[in-house]
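Novice: So here's work.cif (mmCIF, C-alpha atoms).
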```
data_coords
#
loop_
_atom_site.group_PDB
_atom_site.id
_atom_site.type_symbol
_atom_site.label_atom_id
_atom_site.label_comp_id
_atom_site.auth_asym_id
_atom_site.auth_seq_id
_atom_site.Cartn_x
_atom_site.Cartn_y
_atom_site.Cartn_z
ATOM 1 C CA ALA A 22 121.675 122.002 83.236
ATOM 2 C CA PHE A 23 124.612 123.696 81.503
ATOM 3 C CA SER A 24 126.298 124.157 84.883
ATOM 4 C CA GLU A 25 126.696 120.392 85.177
ATOM 5 C CA VAL A 26 128.372 119.954 81.781
ATOM 6 C CA LYS A 27 132.027 119.057 82.051
ATOM 7 C CA PRO A 28 134.564 120.658 79.723
ATOM 8 C CA VAL A 29 135.662 118.489 76.815
ATOM 9 C CA ASP A 30 138.345 118.822 74.203
ATOM 10 C CA GLY A 31 137.919 122.039 72.324
ATOM 11 C CA PHE A 32 135.972 123.663 75.147
ATOM 12 C CA SER A 33 138.619 123.572 77.842
ATOM 13 C CA ASN A 34 138.704 127.356 78.016
ATOM 14 C CA ALA A 35 134.917 127.660 78.358
ATOM 15 C CA GLN A 36 133.579 128.607 81.777
ATOM 16 C CA TRP A 37 130.262 127.226 82.888
ATOM 17 C CA GLY A 38 127.774 128.439 85.396
ATOM 18 C CA ASN A 39 127.900 131.757 87.211
ATOM 19 C CA ILE A 40 131.181 133.626 87.173
ATOM 20 C CA ASN A 41 131.857 136.010 90.054
ATOM 21 C CA ASN A 42 128.151 135.866 90.966
ATOM 22 C CA ARG A 43 127.259 137.239 87.512
ATOM 23 C CA ASN A 44 125.454 135.492 84.689
ATOM 24 C CA GLU A 45 128.382 135.532 82.314
ATOM 25 C CA GLY A 46 129.073 131.821 81.776
ATOM 26 C CA PHE A 47 127.245 129.337 79.537
ATOM 27 C CA GLY A 48 125.478 128.026 82.589
ATOM 28 C CA SER A 49 123.458 131.235 82.785
ATOM 29 C CA PHE A 50 121.343 130.010 79.871
ATOM 30 C CA ASP A 51 119.497 127.551 82.060
ATOM 31 C CA ASN A 52 118.214 130.384 84.225
ATOM 32 C CA SER A 53 115.465 132.101 82.235
ATOM 33 C CA ALA A 54 114.694 134.462 85.094
ATOM 34 C CA THR A 55 118.142 136.040 85.086
ATOM 35 C CA PHE A 56 118.981 135.679 81.382
ATOM 36 C CA ASN A 57 119.728 139.159 80.008
ATOM 37 C CA VAL A 58 118.869 139.456 76.281
ATOM 38 C CA ASN A 59 119.701 143.176 76.170
ATOM 39 C CA SER A 60 123.298 142.504 77.089
ATOM 40 C CA LEU A 61 123.649 140.269 74.025
ATOM 41 C CA LYS A 62 122.119 142.956 71.796
ATOM 42 C CA GLN A 63 124.507 145.577 73.143
ATOM 43 C CA THR A 64 127.486 143.286 72.545
ATOM 44 C CA SER A 65 126.450 142.510 68.948
ATOM 45 C CA SER A 66 125.780 146.170 68.186
ATOM 46 C CA ARG A 67 129.280 147.089 69.365
ATOM 47 C CA SER A 68 130.848 144.377 67.205
ATOM 48 C CA VAL A 69 129.000 145.411 63.999
ATOM 49 C CA GLN A 70 130.218 148.593 62.406
ATOM 50 C CA LYS A 71 128.103 150.366 59.829
ATOM 51 C CA PRO A 72 129.908 151.228 56.593
ATOM 52 C CA LYS A 73 130.490 154.892 56.148
ATOM 53 C CA SER A 74 128.840 156.495 53.166
ATOM 54 C CA SER A 75 131.196 158.009 50.634
ATOM 55 C CA LEU A 76 128.685 160.790 50.006
ATOM 56 C CA ASN A 77 127.836 163.477 52.442
ATOM 57 C CA ASN A 78 124.459 165.164 52.608
ATOM 58 C CA ASN A 79 125.466 167.875 50.203
ATOM 59 C CA ASP A 80 126.596 165.366 47.584
ATOM 60 C CA GLU A 81 123.300 163.479 47.800
ATOM 61 C CA GLU A 82 121.344 166.660 47.300
ATOM 62 C CA ASN A 83 123.449 167.619 44.285
ATOM 63 C CA CYS A 84 122.631 164.319 42.544
ATOM 64 C CA SER A 85 119.238 165.707 41.605
ATOM 65 C CA GLU A 86 120.938 168.433 39.588
ATOM 66 C CA ILE A 87 122.943 166.083 37.357
ATOM 67 C CA THR A 88 122.148 166.460 33.651
ATOM 68 C CA PHE A 89 123.233 164.323 30.724
ATOM 69 C CA LYS A 90 123.863 165.800 27.306
ATOM 70 C CA PRO A 91 123.197 163.753 24.155
ATOM 71 C CA ILE A 92 126.236 162.419 22.337
ATOM 72 C CA ILE A 93 124.689 163.209 18.957
ATOM 73 C CA GLU A 94 122.363 166.118 18.337
ATOM 74 C CA LEU A 95 119.394 165.072 16.184
ATOM 75 C CA ALA A 96 117.356 167.677 14.380
ATOM 76 C CA GLU A 97 113.596 167.446 14.596
ATOM 77 C CA GLN A 98 112.144 165.754 11.534
ATOM 78 C CA SER A 99 108.743 166.289 9.975
ATOM 79 C CA VAL A 100 106.807 163.080 9.338
ATOM 80 C CA ASP A 101 104.265 162.731 6.550
ATOM 81 C CA THR A 102 100.747 161.981 7.726
ATOM 82 C CA GLY A 103 99.688 160.508 4.414
ATOM 83 C CA HIS A 104 96.935 163.117 4.061
ATOM 84 C CA GLU A 105 98.977 165.994 2.621
ATOM 85 C CA SER A 106 97.117 165.979 -0.711
ATOM 86 C CA GLU A 107 93.770 165.031 0.804
ATOM 87 C CA GLU A 108 90.967 166.724 2.619
ATOM 88 C CA ILE A 109 88.580 165.151 5.051
ATOM 89 C CA LEU A 110 84.962 164.820 3.966
ATOM 90 C CA GLU A 111 83.274 163.302 7.000
ATOM 91 C CA SER A 112 84.207 161.567 10.220
ATOM 92 C CA PHE A 113 81.956 159.297 12.256
ATOM 93 C CA MET A 114 82.238 157.893 15.760
ATOM 94 C CA ILE A 115 81.949 154.108 15.891
ATOM 95 C CA LYS A 116 81.400 151.859 18.877
ATOM 96 C CA SER A 117 83.268 148.947 17.312
ATOM 97 C CA LEU A 118 84.707 147.777 14.017
ATOM 98 C CA TYR A 119 84.986 144.140 12.916
ATOM 99 C CA ASN A 120 86.442 142.231 9.998
ATOM 100 C CA TRP A 121 85.483 138.778 8.872
ATOM 101 C CA GLY A 122 88.402 136.394 9.271
ATOM 102 C CA LYS A 123 89.730 133.341 11.026
ATOM 103 C CA ASP A 124 90.463 133.100 14.732
ATOM 104 C CA ALA A 125 93.302 131.255 16.483
ATOM 105 C CA THR A 126 91.566 127.906 15.898
ATOM 106 C CA ASN A 127 91.251 128.684 12.162
ATOM 107 C CA GLN A 128 87.489 129.095 12.454
ATOM 108 C CA PRO A 129 85.778 131.910 10.488
ATOM 109 C CA THR A 130 84.323 134.608 12.740
ATOM 110 C CA TRP A 131 83.920 138.354 13.262
ATOM 111 C CA LYS A 132 87.175 139.717 14.693
ATOM 112 C CA LEU A 133 87.318 142.982 16.625
ATOM 113 C CA ARG A 134 89.377 145.508 14.678
ATOM 114 C CA ALA A 135 88.904 148.751 16.649
ATOM 115 C CA SER A 136 86.580 150.282 19.235
ATOM 116 C CA GLN A 137 85.453 153.709 20.464
ATOM 117 C CA THR A 138 87.174 155.637 17.687
ATOM 118 C CA ASN A 139 86.474 157.540 14.461
ATOM 119 C CA ILE A 140 86.187 156.295 10.920
ATOM 120 C CA SER A 141 86.832 158.999 8.323
ATOM 121 C CA PHE A 142 86.443 159.632 4.600
ATOM 122 C CA TYR A 143 89.262 161.442 2.767
ATOM 123 C CA ILE A 144 89.160 162.768 -0.793
ATOM 124 C CA ASP A 145 92.096 163.497 -3.083
ATOM 125 C CA ARG A 146 91.189 166.231 -5.565
ATOM 126 C CA ASN A 147 94.408 165.594 -7.488
ATOM 127 C CA LYS A 148 93.484 161.984 -8.228
ATOM 128 C CA ASN A 149 90.077 162.309 -9.841
ATOM 129 C CA ASN A 150 88.356 162.708 -6.466
ATOM 130 C CA LYS A 151 89.494 159.331 -5.234
ATOM 131 C CA THR A 152 88.216 158.711 -1.722
ATOM 132 C CA ARG A 153 89.408 156.358 0.928
ATOM 133 C CA ILE A 154 88.295 155.242 4.358
ATOM 134 C CA VAL A 155 90.707 155.503 7.273
ATOM 135 C CA CYS A 156 90.285 154.327 10.835
ATOM 136 C CA ARG A 157 92.883 154.468 13.627
ATOM 137 C CA GLU A 158 92.868 153.171 17.158
ATOM 138 C CA PHE A 159 91.995 155.921 19.624
ATOM 139 C CA GLN A 160 94.960 155.500 21.989
ATOM 140 C CA THR A 161 97.677 153.875 19.875
ATOM 141 C CA ASN A 162 96.757 155.671 16.621
ATOM 142 C CA LYS A 163 97.435 152.407 14.801
ATOM 143 C CA LEU A 164 95.843 152.042 11.374
ATOM 144 C CA ARG A 165 92.922 149.624 11.439
ATOM 145 C CA ILE A 166 91.336 150.499 8.089
ATOM 146 C CA ASN A 167 92.970 152.065 5.044
ATOM 147 C CA HIS A 168 91.343 151.403 1.691
ATOM 148 C CA TYR A 169 89.764 153.206 -1.243
ATOM 149 C CA VAL A 170 85.990 153.321 -1.323
ATOM 150 C CA PRO A 171 84.972 150.364 -3.479
ATOM 151 C CA SER A 172 82.535 150.570 -6.359
ATOM 152 C CA LYS A 173 78.901 149.656 -5.866
ATOM 153 C CA GLN A 174 79.438 146.312 -7.591
ATOM 154 C CA ARG A 175 82.362 145.322 -5.354
ATOM 155 C CA GLY A 176 81.464 147.087 -2.145
ATOM 156 C CA ASN A 177 78.266 145.164 -1.395
ATOM 157 C CA LEU A 178 77.211 147.905 1.000
ATOM 158 C CA ASN A 179 74.267 146.814 3.131
ATOM 159 C CA CYS A 180 72.666 147.334 6.524
ATOM 160 C CA LYS A 181 72.622 144.347 8.835
ATOM 161 C CA SER A 182 70.469 146.441 11.170
ATOM 162 C CA ASP A 183 69.759 150.122 11.739
ATOM 163 C CA LYS A 184 73.084 150.437 13.629
ATOM 164 C CA LEU A 185 75.274 148.045 11.620
ATOM 165 C CA ILE A 186 76.823 148.741 8.209
ATOM 166 C CA ILE A 187 78.642 146.017 6.258
ATOM 167 C CA TRP A 188 80.825 146.400 3.156
ATOM 168 C CA THR A 189 83.654 144.651 1.308
ATOM 169 C CA ALA A 190 86.968 146.168 0.196
ATOM 170 C CA ILE A 191 90.635 145.358 -0.411
ATOM 171 C CA ASP A 192 92.324 146.912 2.603
ATOM 172 C CA ALA A 193 96.016 147.761 3.008
ATOM 173 C CA THR A 194 96.083 147.074 6.760
ATOM 174 C CA ILE A 195 94.639 143.588 6.336
ATOM 175 C CA GLU A 196 97.201 142.940 3.593
ATOM 176 C CA SER A 197 100.075 143.956 5.909
ATOM 177 C CA ASP A 198 98.719 141.727 8.695
ATOM 178 C CA ASN A 199 98.517 138.766 6.353
ATOM 179 C CA GLU A 200 101.636 136.574 6.325
ATOM 180 C CA SER A 201 101.472 136.102 2.547
ATOM 181 C CA ASN A 202 101.169 139.898 2.004
ATOM 182 C CA ARG A 203 98.559 139.228 -0.664
ATOM 183 C CA ALA A 204 95.670 141.579 -1.263
ATOM 184 C CA PHE A 205 92.226 140.012 -1.031
ATOM 185 C CA PRO A 206 88.686 141.305 -0.422
ATOM 186 C CA THR A 207 87.770 141.664 3.246
ATOM 187 C CA THR A 208 84.305 142.167 4.729
ATOM 188 C CA PHE A 209 83.995 144.854 7.409
ATOM 189 C CA CYS A 210 81.237 145.618 9.862
ATOM 190 C CA ALA A 211 80.902 148.950 11.673
ATOM 191 C CA LYS A 212 78.656 149.295 14.708
ATOM 192 C CA PHE A 213 77.386 152.779 15.581
ATOM 193 C CA ALA A 214 75.838 154.230 18.715
ATOM 194 C CA ASP A 215 72.519 155.019 17.028
ATOM 195 C CA ALA A 216 70.676 154.665 13.751
ATOM 196 C CA LYS A 217 71.196 158.324 12.783
ATOM 197 C CA ILE A 218 75.007 158.058 12.704
ATOM 198 C CA ALA A 219 74.775 154.774 10.830
ATOM 199 C CA SER A 220 72.481 156.343 8.223
ATOM 200 C CA GLU A 221 74.806 159.341 7.755
ATOM 201 C CA PHE A 222 77.771 157.001 7.328
ATOM 202 C CA ARG A 223 75.949 155.065 4.626
ATOM 203 C CA LEU A 224 74.951 158.240 2.760
ATOM 204 C CA CYS A 225 78.576 159.452 2.782
ATOM 205 C CA PHE A 226 79.745 156.038 1.591
ATOM 206 C CA GLU A 227 77.294 156.098 -1.318
ATOM 207 C CA LYS A 228 78.256 159.698 -2.139
ATOM 208 C CA CYS A 229 81.909 158.677 -2.438
ATOM 209 C CA GLN A 230 80.931 155.804 -4.714
ATOM 210 C CA SER A 231 79.215 158.281 -7.027
ATOM 211 C CA PHE A 232 82.558 160.038 -7.635
ATOM 212 C CA MET A 233 83.818 157.027 -9.580
#
```
Please go through the file and, once you have read it, give me the structure as structure tokens.
Specialist:
Amino acid sequence: AFSEVKPVDGFSNAQWGNINNRNEGFGSFDNSATFNVNSLKQTSSRSVQKPKSSLNNNDEENCSEITFKPIIELAEQSVDTGHESEEILESFMIKSLYNWGKDATNQPTWKLRASQTNISFYIDRNKNNKTRIVCREFQTNKLRINHYVPSKQRGNLNCKSDKLIIWTAIDATIESDNESNRAFPTTFCAKFADAKIASEFRLCFEKCQSFM
């Protein structure tokens, strides 16, 4: 028991056992029935002082009203959409859009280009009725297709099924994604929700080819 421990060098001032019939010495630790944990908590709470906040309640409430003014005032700028001289002919909802290319393992495959968005035909009356196909991602608005409607000889327009339309074109977005920045023909495949939309898309495609 702690009460039987004799003082050694460095502990000569320590008092063991009960002091004045109170559990104040180290010896009181061997008596679990009379050991008072609360007294230790009270002592430690008195010795620890909480830092005072430099802000009062009013200052904290006023922090929500702080405003920051810009260092430089920038005027709002108008950004060209790229369709200023064009008008839209038709727009079709597609389930998914693919392009034929190579995957990460350098194997040729159909790669998902966009999904659940619109693919649109635009015509420029000032450029001999040139038409182009544009498709953007629904949420990011990123260009996924941007090319002129190819001729019948180069387009190779065909129906893989009643809901799938395939064609070939030289696309600006594929060119920008390519590390060599070289233009080359790319095969696209558009999947539609039903055969009616797919048929209307093909008719519009062929109509645009007739403008050439």
Novice: Just give me the gap between atom CA of A:Gln128 and atom CA of A:Ala214 in Å, one decimal is fine.
Specialist: 28.4 Å
Novice: In terms of the shortest atom-to-atom distance over all atoms listed in the file, which of A:Leu164, A:Val170, A:Ile140, A:Cys156 is closest to A:Glu111?
Specialist: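 Counting all atoms listed in the file, the residue closest to A:Glu111 is A:Ile140.
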Novice: Decode the PyMOL selection byres ((chain A and resi 148) around 12) for the given file into explicit residues and return them as a compact mmCIF listing (two decimals) with C-alpha atoms, in the frame of the given file.
Specialist:
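That gives us out.txt:
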```txt
# COMPACT_ATOMS: atom_id res chain seq x y z
CA SER A 106 97.12 165.98 -0.71
CA GLU A 107 93.77 165.03 0.80
CA TYR A 143 89.26 161.44 2.77
CA ILE A 144 89.16 162.77 -0.79
CA ASP A 145 92.10 163.50 -3.08
CA ARG A 146 91.19 166.23 -5.56
CA ASN A 147 94.41 165.59 -7.49
CA ASN A 149 90.08 162.31 -9.84
CA ASN A 150 88.36 162.71 -6.47
CA LYS A 151 89.49 159.33 -5.23
CA THR A 152 88.22 158.71 -1.72
CA ARG A 153 89.41 156.36 0.93
CA TYR A 169 89.76 153.21 -1.24
CA PHE A 232 82.56 160.04 -7.64
CA MET A 233 83.82 157.03 -9.58
```
Novice: Would you compute the distance between atom CA of A:Phe159 and atom CA of A:Pro206? Give it in Å to one decimal.
Specialist: 25.0 Å
Novice: Work out how far atom CA of A:Asp101 is from atom CA of A:Leu133, in Å to one decimal.
Specialist: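 For atom CA of A:Leu133 relative to atom CA of A:Asp101, the distance reads 27.9 Å.
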Novice: Pick the closest to A:Lys184 from A:Lys116, A:Arg157, A:Arg134, A:Arg165: which is it, counting all atoms listed in the file?
Specialist: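 Result for the nearest residue to A:Lys184: A:Lys116.
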Novice: Can you tell me, as a ChimeraX atom specification, what residues are no more than 7 Å from A:Cys210 when counting all atoms listed in the file, ignoring any on the same chain fewer than 6 positions away?
Specialist: /A:118-120,185-188
Novice: Just say which residues the PyMOL selection byres ((chain A and resi 191) around 6) picks in this file, as a VMD selection string.
Specialist: chain A and resid 190 192 205 to 207
Novice: Using all atoms listed in the file, which of A:Ser172, A:Thr130, A:Ser117, A:Gln137 sits nearest A:Gln160?
Specialist: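 The closest residue to A:Gln160 is A:Gln137.
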Novice: Residues near A:Ser220, anyone? I mean within 9 Å using all atoms listed in the file, not counting same-chain ones fewer than 4 positions away, as a compact mmCIF listing (two decimals) with C-alpha atoms, in the coordinates of the input.
Specialist:
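What follows is the written file part-v1.txt:
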```
# COMPACT_ATOMS: atom_id res chain seq x y z
CA ASP A 183 69.76 150.12 11.74
CA LYS A 184 73.08 150.44 13.63
CA ILE A 186 76.82 148.74 8.21
CA ASP A 215 72.52 155.02 17.03
CA ALA A 216 70.68 154.66 13.75
CA LEU A 224 74.95 158.24 2.76
CA CYS A 225 78.58 159.45 2.78
```
Novice: Counting only C-alpha atoms, figure out which residue out of A:Glu227, A:Glu94, A:Glu221, A:Glu105 gets nearest to A:Pro171.
Specialist: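 So, comparing all the options, the nearest one is A:Glu227.
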Novice: Find, counting all atoms listed in the file, the residue in A:Lys181, A:Arg175, A:Ile195, A:Phe213 that gets nearest to A:Met114.
Specialist: A:Phe213
Novice: Of the candidates A:Gln230, A:Gln174, A:Ser112, A:Thr102, which shows the shortest atom-to-atom distance to A:Ser141, using all atoms listed in the file?
Specialist: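 Looking only at the distances to A:Ser141, the closest residue turns out to be A:Ser112.
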